[in-house]
Each structure stands twice: as structure tokens, then as C-alpha cells.
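Chemist: What follows is the file start19.cif, containing mmCIF, C-alpha atoms and all ligand atoms:
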```cif
data_input
loop_
_atom_site.label_atom_id
_atom_site.label_comp_id
_atom_site.auth_asym_id
_atom_site.auth_seq_id
_atom_site.Cartn_x
_atom_site.Cartn_y
_atom_site.Cartn_z
CA MET X 967 39.65 84.21 37.56
CA LYS X 968 38.17 82.29 40.45
CA ARG X 969 36.71 79.00 39.33
CA ARG X 970 34.07 77.27 41.42
CA PRO X 971 35.70 74.19 43.02
CA LEU X 972 34.39 70.72 42.22
CA ILE X 973 35.01 67.89 44.65
CA ALA X 974 34.13 64.61 42.98
CA GLY X 975 34.03 61.13 44.51
CA ASN X 976 34.70 58.09 42.33
CA TRP X 977 33.58 54.95 44.13
CA LYS X 978 34.96 52.64 41.42
CA MET X 979 33.74 49.05 41.92
CA HIS X 980 32.63 49.53 45.51
CA LYS X 981 29.27 49.55 47.35
CA THR X 982 26.05 47.67 46.75
CA VAL X 983 22.86 49.66 46.21
CA ASN X 984 21.99 49.47 49.90
CA GLU X 985 25.46 50.50 50.96
CA ALA X 986 25.32 53.42 48.53
CA LEU X 987 22.00 54.59 49.95
CA ALA X 988 23.20 54.31 53.54
CA TYR X 989 26.27 56.39 52.60
CA ILE X 990 24.15 59.09 51.00
CA GLU X 991 21.87 59.37 54.02
CA ALA X 992 24.93 59.83 56.23
CA PHE X 993 26.71 62.16 53.81
CA LYS X 994 24.00 64.64 52.85
CA PRO X 995 23.68 66.34 56.25
CA LEU X 996 27.47 66.63 56.55
CA VAL X 997 27.65 68.87 53.49
CA ALA X 998 24.14 70.39 53.39
CA ASP X 999 25.41 73.87 54.28
CA VAL X 1000 28.15 73.91 51.59
CA SER X 1001 27.12 76.25 48.79
CA ASP X 1002 30.39 77.69 47.46
CA ARG X 1003 31.59 74.54 45.68
CA ASP X 1004 30.17 71.68 43.62
CA ILE X 1005 30.01 68.14 44.95
CA MET X 1006 29.63 64.94 42.94
CA LEU X 1007 29.41 61.23 43.71
CA ALA X 1008 29.89 58.50 41.11
CA PRO X 1009 28.47 55.15 42.26
CA SER X 1010 28.34 51.96 40.18
CA PHE X 1011 25.93 51.87 37.25
CA ILE X 1012 23.41 49.70 39.07
CA ALA X 1013 23.19 52.12 42.00
CA LEU X 1014 22.69 55.24 39.85
CA ASP X 1015 18.92 55.20 39.73
CA ALA X 1016 18.43 54.69 43.47
CA CYS X 1017 21.14 57.24 44.28
CA GLU X 1018 19.56 59.82 42.02
CA LYS X 1019 16.31 59.57 43.93
CA SER X 1020 18.10 59.78 47.23
CA LEU X 1021 20.16 62.82 46.13
CA GLU X 1022 17.18 64.69 44.72
CA GLY X 1023 16.87 68.18 46.15
CA SER X 1024 20.37 68.01 47.70
CA ASN X 1025 23.53 69.87 46.72
CA VAL X 1026 25.24 66.66 45.60
CA ALA X 1027 25.28 65.86 41.88
CA LEU X 1028 25.27 62.39 40.39
CA GLY X 1029 28.14 61.11 38.25
CA ALA X 1030 28.80 57.94 36.25
CA GLN X 1031 32.21 56.29 35.92
CA ASN X 1032 32.14 55.45 32.22
CA CYS X 1033 29.79 55.03 29.27
CA HIS X 1034 29.63 53.67 25.75
CA TRP X 1035 29.60 56.02 22.75
CA GLU X 1036 26.50 54.62 21.05
CA ASP X 1037 22.97 55.28 22.29
CA GLU X 1038 21.93 51.64 21.86
CA GLY X 1039 22.87 48.48 20.02
CA ALA X 1040 24.51 45.09 20.25
CA PHE X 1041 27.19 45.95 22.81
CA THR X 1042 26.83 43.30 25.50
CA GLY X 1043 27.67 44.56 28.96
CA GLU X 1044 27.86 48.24 28.05
CA VAL X 1045 25.81 51.20 29.32
CA SER X 1046 24.83 53.99 26.95
CA PRO X 1047 24.87 57.75 27.46
CA ARG X 1048 21.14 57.83 26.74
CA MET X 1049 20.54 55.47 29.69
CA LEU X 1050 22.70 57.64 31.96
CA ALA X 1051 20.91 60.84 30.98
CA ASP X 1052 17.58 59.09 31.56
CA VAL X 1053 18.37 58.35 35.21
CA GLY X 1054 19.54 61.91 35.89
CA VAL X 1055 23.32 61.69 35.63
CA THR X 1056 25.05 65.10 35.45
CA TYR X 1057 28.77 64.23 35.10
CA VAL X 1058 30.47 61.29 33.37
CA ILE X 1059 34.07 60.36 34.19
CA LEU X 1060 35.81 59.37 30.93
CA GLY X 1061 39.24 57.96 30.15
CA HIS X 1062 40.04 57.10 33.75
CA SER X 1063 43.47 55.46 33.85
CA GLU X 1064 41.90 52.18 35.03
CA ARG X 1065 39.74 52.20 31.88
CA ARG X 1066 42.74 53.02 29.72
CA HIS X 1067 45.20 50.59 31.27
CA LEU X 1068 43.01 47.68 32.44
CA PHE X 1069 40.37 47.78 29.70
CA GLY X 1070 42.33 49.06 26.71
CA GLU X 1071 40.57 52.37 26.15
CA THR X 1072 42.28 54.47 23.52
CA ASP X 1073 42.28 58.23 23.04
CA GLU X 1074 39.92 57.76 20.10
CA MET X 1075 37.43 55.80 22.23
CA VAL X 1076 37.60 58.52 24.87
CA ARG X 1077 36.92 61.17 22.21
CA ARG X 1078 33.86 59.30 20.99
CA LYS X 1079 32.59 58.95 24.55
CA ILE X 1080 32.97 62.70 25.11
CA GLU X 1081 30.91 63.30 21.99
CA ALA X 1082 28.23 60.93 23.27
CA VAL X 1083 28.08 62.54 26.70
CA LEU X 1084 27.77 66.02 25.18
CA ARG X 1085 25.03 64.79 22.86
CA HIS X 1086 22.96 64.06 25.98
CA GLN X 1087 23.75 67.35 27.72
CA MET X 1088 25.87 65.73 30.41
CA ILE X 1089 29.28 67.03 31.54
CA PRO X 1090 32.40 65.03 30.63
CA ILE X 1091 35.24 64.74 33.12
CA LEU X 1092 38.21 63.88 30.91
CA CYS X 1093 40.93 62.09 32.86
CA ILE X 1094 44.52 62.30 31.72
CA GLY X 1095 47.79 61.35 33.38
CA GLU X 1096 51.17 59.74 32.98
CA THR X 1097 52.45 56.43 34.32
CA LEU X 1098 55.52 56.23 36.54
CA GLU X 1099 57.54 54.89 33.61
CA GLU X 1100 56.48 57.84 31.46
CA ARG X 1101 57.32 60.33 34.20
CA GLU X 1102 60.74 58.80 34.76
CA ALA X 1103 61.40 58.92 31.03
CA GLY X 1104 60.62 62.66 31.02
CA LYS X 1105 57.49 62.13 28.92
CA THR X 1106 54.88 63.54 31.31
CA LEU X 1107 54.00 66.67 29.36
CA ALA X 1108 54.03 64.85 26.02
CA VAL X 1109 51.57 62.25 27.36
CA LEU X 1110 49.26 64.92 28.77
CA GLU X 1111 49.38 66.81 25.49
CA ARG X 1112 48.54 63.72 23.44
CA GLN X 1113 45.65 62.64 25.69
CA LEU X 1114 44.19 66.13 25.79
CA LYS X 1115 44.54 66.90 22.08
CA GLU X 1116 43.30 63.50 20.90
CA GLY X 1117 40.46 63.40 23.41
CA LEU X 1118 39.20 66.87 22.49
CA LYS X 1119 39.90 66.71 18.74
CA GLY X 1120 37.19 68.28 16.60
CA PHE X 1121 35.15 69.93 19.35
CA SER X 1122 34.52 73.66 19.61
CA ALA X 1123 34.93 75.70 22.79
CA GLY X 1124 31.16 76.18 22.79
CA GLU X 1125 30.50 72.45 22.73
CA LEU X 1126 32.97 71.92 25.58
CA LYS X 1127 31.76 74.85 27.66
CA ASP X 1128 31.25 72.79 30.84
CA LEU X 1129 34.17 70.40 30.28
CA VAL X 1130 36.10 69.29 33.35
CA VAL X 1131 39.64 67.91 33.01
CA ALA X 1132 41.14 65.70 35.71
CA TYR X 1133 44.90 65.35 35.97
CA GLU X 1134 45.55 61.99 37.60
CA PRO X 1135 49.14 60.76 37.61
CA VAL X 1136 48.76 56.98 37.40
CA TRP X 1137 51.53 56.44 39.96
CA ALA X 1138 49.52 58.40 42.53
CA ILE X 1139 46.22 56.56 42.14
CA GLY X 1140 45.41 54.28 45.05
CA THR X 1141 49.07 54.17 46.06
CA GLY X 1142 49.06 56.68 48.91
CA LYS X 1143 51.68 58.67 46.94
CA THR X 1144 50.19 62.06 46.14
CA ALA X 1145 51.85 64.31 43.62
CA SER X 1146 53.27 67.24 45.53
CA PRO X 1147 51.28 70.46 45.14
CA GLU X 1148 54.20 71.74 43.02
CA GLN X 1149 54.14 68.72 40.69
CA ALA X 1150 50.38 68.96 40.33
CA GLN X 1151 50.47 72.73 39.75
CA GLU X 1152 53.09 72.31 37.03
CA ALA X 1153 50.92 69.79 35.18
CA HIS X 1154 47.75 71.86 35.66
CA ALA X 1155 49.38 75.05 34.39
CA PHE X 1156 50.62 73.13 31.35
CA VAL X 1157 47.12 71.76 30.66
CA ARG X 1158 45.62 75.23 30.97
CA LYS X 1159 48.21 76.62 28.55
CA LEU X 1160 47.34 73.86 26.08
CA LEU X 1161 43.62 74.61 26.40
CA SER X 1162 44.36 78.24 25.68
CA GLU X 1163 46.32 77.29 22.53
CA MET X 1164 43.72 74.75 21.37
CA PHE X 1165 40.72 77.02 22.03
CA ASP X 1166 41.24 80.46 23.54
CA GLU X 1167 42.27 82.09 26.76
CA ALA X 1168 38.75 82.69 28.05
CA PHE X 1169 37.97 78.99 27.62
CA ALA X 1170 41.18 77.96 29.38
CA GLU X 1171 40.52 80.39 32.22
CA LYS X 1172 37.06 79.07 32.96
CA THR X 1173 37.71 75.34 32.53
CA ARG X 1174 38.05 73.43 35.79
CA ILE X 1175 41.06 71.16 36.17
CA LEU X 1176 40.82 68.66 39.02
CA TYR X 1177 43.67 66.79 40.63
CA GLY X 1178 43.27 63.08 41.40
CA GLY X 1179 45.54 60.55 43.06
CA SER X 1180 45.53 59.77 46.80
CA VAL X 1181 43.68 62.95 47.79
CA LYS X 1182 42.91 62.94 51.53
CA PRO X 1183 41.66 65.42 54.15
CA GLU X 1184 45.34 65.91 55.07
CA ASN X 1185 46.54 67.04 51.64
CA ILE X 1186 43.54 68.76 50.05
CA VAL X 1187 44.27 72.21 51.49
CA GLY X 1188 47.82 72.30 50.10
CA LEU X 1189 46.62 71.19 46.68
CA MET X 1190 43.71 73.64 46.54
CA ALA X 1191 46.01 76.52 47.46
CA ARG X 1192 47.65 76.26 44.03
CA PRO X 1193 46.29 78.63 41.41
CA ASP X 1194 45.47 76.07 38.71
CA ILE X 1195 44.00 73.32 40.90
CA ASP X 1196 40.23 73.70 40.86
CA GLY X 1197 39.08 70.63 42.73
CA ALA X 1198 39.71 66.94 43.27
CA LEU X 1199 38.69 63.57 41.92
CA VAL X 1200 38.80 61.32 44.96
CA GLY X 1201 38.82 57.52 44.91
CA GLY X 1202 39.63 55.65 48.13
CA ALA X 1203 38.99 58.57 50.48
CA SER X 1204 35.50 59.10 49.03
CA LEU X 1205 34.30 55.70 50.27
CA ASN X 1206 33.72 56.89 53.82
CA PRO X 1207 31.14 59.68 54.20
CA ASP X 1208 32.95 61.40 57.09
CA THR X 1209 36.29 61.39 55.31
CA PHE X 1210 34.83 62.60 52.03
CA ALA X 1211 32.87 65.33 53.81
CA ARG X 1212 36.12 66.53 55.37
CA ILE X 1213 37.64 66.79 51.90
CA VAL X 1214 34.57 68.60 50.55
CA ARG X 1215 34.74 71.02 53.48
CA PHE X 1216 38.45 71.85 52.99
CA GLY X 1217 39.44 75.27 54.23
CA ARG X 1218 36.15 75.93 56.03
CA MET X 1219 35.85 76.48 59.75
CA GLU X 1220 34.04 73.49 61.28
P1 LIG E 1 42.55 57.45 44.72
O1 LIG E 1 41.88 57.36 43.25
O2 LIG E 1 42.00 58.69 45.36
O3 LIG E 1 42.10 56.18 45.42
O4 LIG E 1 44.02 57.51 44.52
C1 LIG E 1 41.68 58.51 42.47
C2 LIG E 1 41.02 58.15 41.17
O5 LIG E 1 41.32 57.09 40.62
O6 LIG E 1 40.17 58.90 40.65
#
```
Please, can you express the file's structure as C-alpha cells?
Ligand code: PGA

Modeler:
Amino acid sequence: MKRRPLIAGNWKMHKTVNEALAYIEAFKPLVADVSDRDIMLAPSFIALDACEKSLEGSNVALGAQNCHWEDEGAFTGEVSPRMLADVGVTYVILGHSERRHLFGETDEMVRRKIEAVLRHQMIPILCIGETLEEREAGKTLAVLERQLKEGLKGFSAGELKDLVVAYEPVWAIGTGKTASPEQAQEAHAFVRKLLSEMFDEAFAEKTRILYGGSVKPENIVGLMARPDIDGALVGGASLNPDTFARIVRFGRME
């Protein structure tokens, strides 16, 4: 089955509101004619509202980089899924390795966040991936299995119908070291097999699995040629509109 590609940009803690708006004005015309794939940008929380207005009517969807699991309450410094839905967010990146490793997010927290995002009709992008230490210890598949099963525990295939999974080997994030297309394909095929066992084959076949970790215009074509790689979650190379547009436009004649 041919899944519609999703190319998603994660700006992390970069860009002021004005910088975000200037980027969007430059970026929109570069991808305006692209209709055979989905495009997403995830700015910082404080830029979401302005970006939503600037993206309105375009083919670029708005994403958030995280959210809390409660709709409101005494959680100083947190942003709720209700607030994200209110400003027009479509996708929410959850369980990014920086959240897990720098801010102590557990699989259970990620599961609760997925539930919260679904409650507000947004689309979760569940990030999973092994560290270098785990890979070298031969634990890659066990880590992916744990993160996937714990993160998706208790949900039905119907509830997760738009779920996106992102395989992001931690050792490839921001390091310039991309997983080879073979390494990524092996992990993606394993994740798809797990989804088929956890839910059913139709669900596994339609669920998009993105690759993330040092994706660039130079390596996107090789990655996207693999059967189970359905798109990319791009950090560093999404910060420049020309570079990100080249990634979005992979495989097209200029
Ligand atoms: P990178 O980040 O493209 O800068 O490696 C990817 C990510 O963290 O999503």
C-alpha cells in the first residue's frame, strides 16, 4: 500500500515569533505546488498562534512539540492539549528523545499525552528510538518494542487511526550521523510488524512511520526509497526554508 508521505519540521527551541513568520512567508511559495505529500512545521509554543494565522489556507499544517496530559490545572510552565487545539494545531510530537532524556519523560507520561491529544482530535506523532549504548548492546529492537507497546497501551486501532510513529535513533539526532537507509528500513519494518501484532495488518499497513535523525536534502531520497519509510521528522535542516523545501520536494523535478 502506498502511504501519503509526511515531511515534518521540528524547530525545537529555535526562532522568535518574528523569525517564525519571516520563515513561513519565505517557505510557503517554495512548496505551494506540492500536493502529493503532507507538510508540517512545529514552532515553539509562543509562535503557534501567529504561525497558524500565517499558514491559513496553505498546504502546510501546524504542529506542536509537546503537551501536558491534563486540559487545565496547577501545572506551572506547561501547555495543555486544549490550548493547542484552540489555536489550530493539527499534529503534536510526543515522546521526542530530548523530552525523554533531558526532561525525564517516561513511557507512561507519553501514553497519557497521546490520550490527551486524541481527546482533542489532534494527531499524535509518537517518537521512539534507541541510544547508541542500547544499539551497541544489541537492545535496539527491545527498546523500540517497549516504547511502542507502553506508549500505545490500551488504545484501539480506531482511536489511533491517524497515528504517526517516528523512528529516531538518538545517536543520529543532531549529530550529522544518519542511520543508513538499511538500518532505518530494518527498524521501520520491525515497528510495522509490531503494529500488525498489536492491532491488525490493515492498521499497520496504513500507519505512517517517519524517520528522524540528521535528515538532509542529500539523504532524503535514499531513505524515502525504502518501502517502510513514509516520511521524515527533520530538526536542524528544517530551520532554513530553502533547505527544508528541498527536503519536502524530494524526488520531484525542479
Ligand atoms: P535532526 O533532529 O534532524 O537535527 O537530527 C531530528 C529530530 O530531533 O526530530

Chemist: What is the distance between atom CA of X:Met1164 and atom CA of X:Glu1148, in Å to one decimal?

Modeler: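 Between atom CA of X:Met1164 and atom CA of X:Glu1148 the gap works out to 24.2 Å.
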
Chemist: When you count all atoms listed in the file, which of these residues is closest to X:Glu1074: X:Met1088, X:Leu1114, X:Leu1189, X:Ala986?

Modeler: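 Residue with the minimum atom-to-atom distance to X:Glu1074: X:Leu1114.
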
Chemist: Could you produce a table of the residues of chain X lying within 6 Å of ligand LIG 1 (chain E), with the nearest pair of atoms per residue and their separation in Å rounded to one decimal, using all atoms listed in the file, ordered by chain and increasing residue number, as a Markdown table?

Modeler:
```
| residue | atom | partner | partner_atom | distance |
| --- | --- | --- | --- | --- |
| X:Asn976 | CA | E:LIG1 | O6 | 5.8 |
| X:Ala1138 | CA | E:LIG1 | O4 | 5.9 |
| X:Ile1139 | CA | E:LIG1 | O4 | 3.4 |
| X:Gly1140 | CA | E:LIG1 | O4 | 3.6 |
| X:Gly1178 | CA | E:LIG1 | C1 | 5.0 |
| X:Gly1179 | CA | E:LIG1 | O4 | 3.7 |
| X:Ser1180 | CA | E:LIG1 | O4 | 3.5 |
| X:Val1181 | CA | E:LIG1 | O2 | 5.2 |
| X:Leu1199 | CA | E:LIG1 | O6 | 5.1 |
| X:Val1200 | CA | E:LIG1 | O2 | 4.2 |
| X:Gly1201 | CA | E:LIG1 | O2 | 3.4 |
| X:Gly1202 | CA | E:LIG1 | O3 | 3.7 |
| X:Ala1203 | CA | E:LIG1 | O2 | 5.9 |
```

Chemist: When you count all atoms listed in the file, which of these residues is closest to X:Val1053: X:His1034, X:Lys1019, X:Arg1066, X:Lys968?

Modeler: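 Checking each of X:His1034, X:Lys1019, X:Arg1066, X:Lys968 against X:Val1053, counting all atoms listed in the file, the winner is X:Lys1019.
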
Chemist: Taking all atoms listed in the file into account, name the residue in X:Phe1216, X:Leu1021, X:Ile973, X:Leu1060 that is nearest to X:Leu987.

Modeler: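 Going through X:Phe1216, X:Leu1021, X:Ile973, X:Leu1060 one by one, the smallest distance to X:Leu987 is for X:Leu1021.
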
Chemist: I'd like the neighbourhood of stretch 1124-1130 of chain X as a VMD selection string, where a residue qualifies if any of its atoms comes within 7 Å (using all atoms listed in the file), though same-chain residues fewer than 3 positions away should be ignored.

Modeler: chain X and resid 1089 to 1092 1121 1173 to 1175
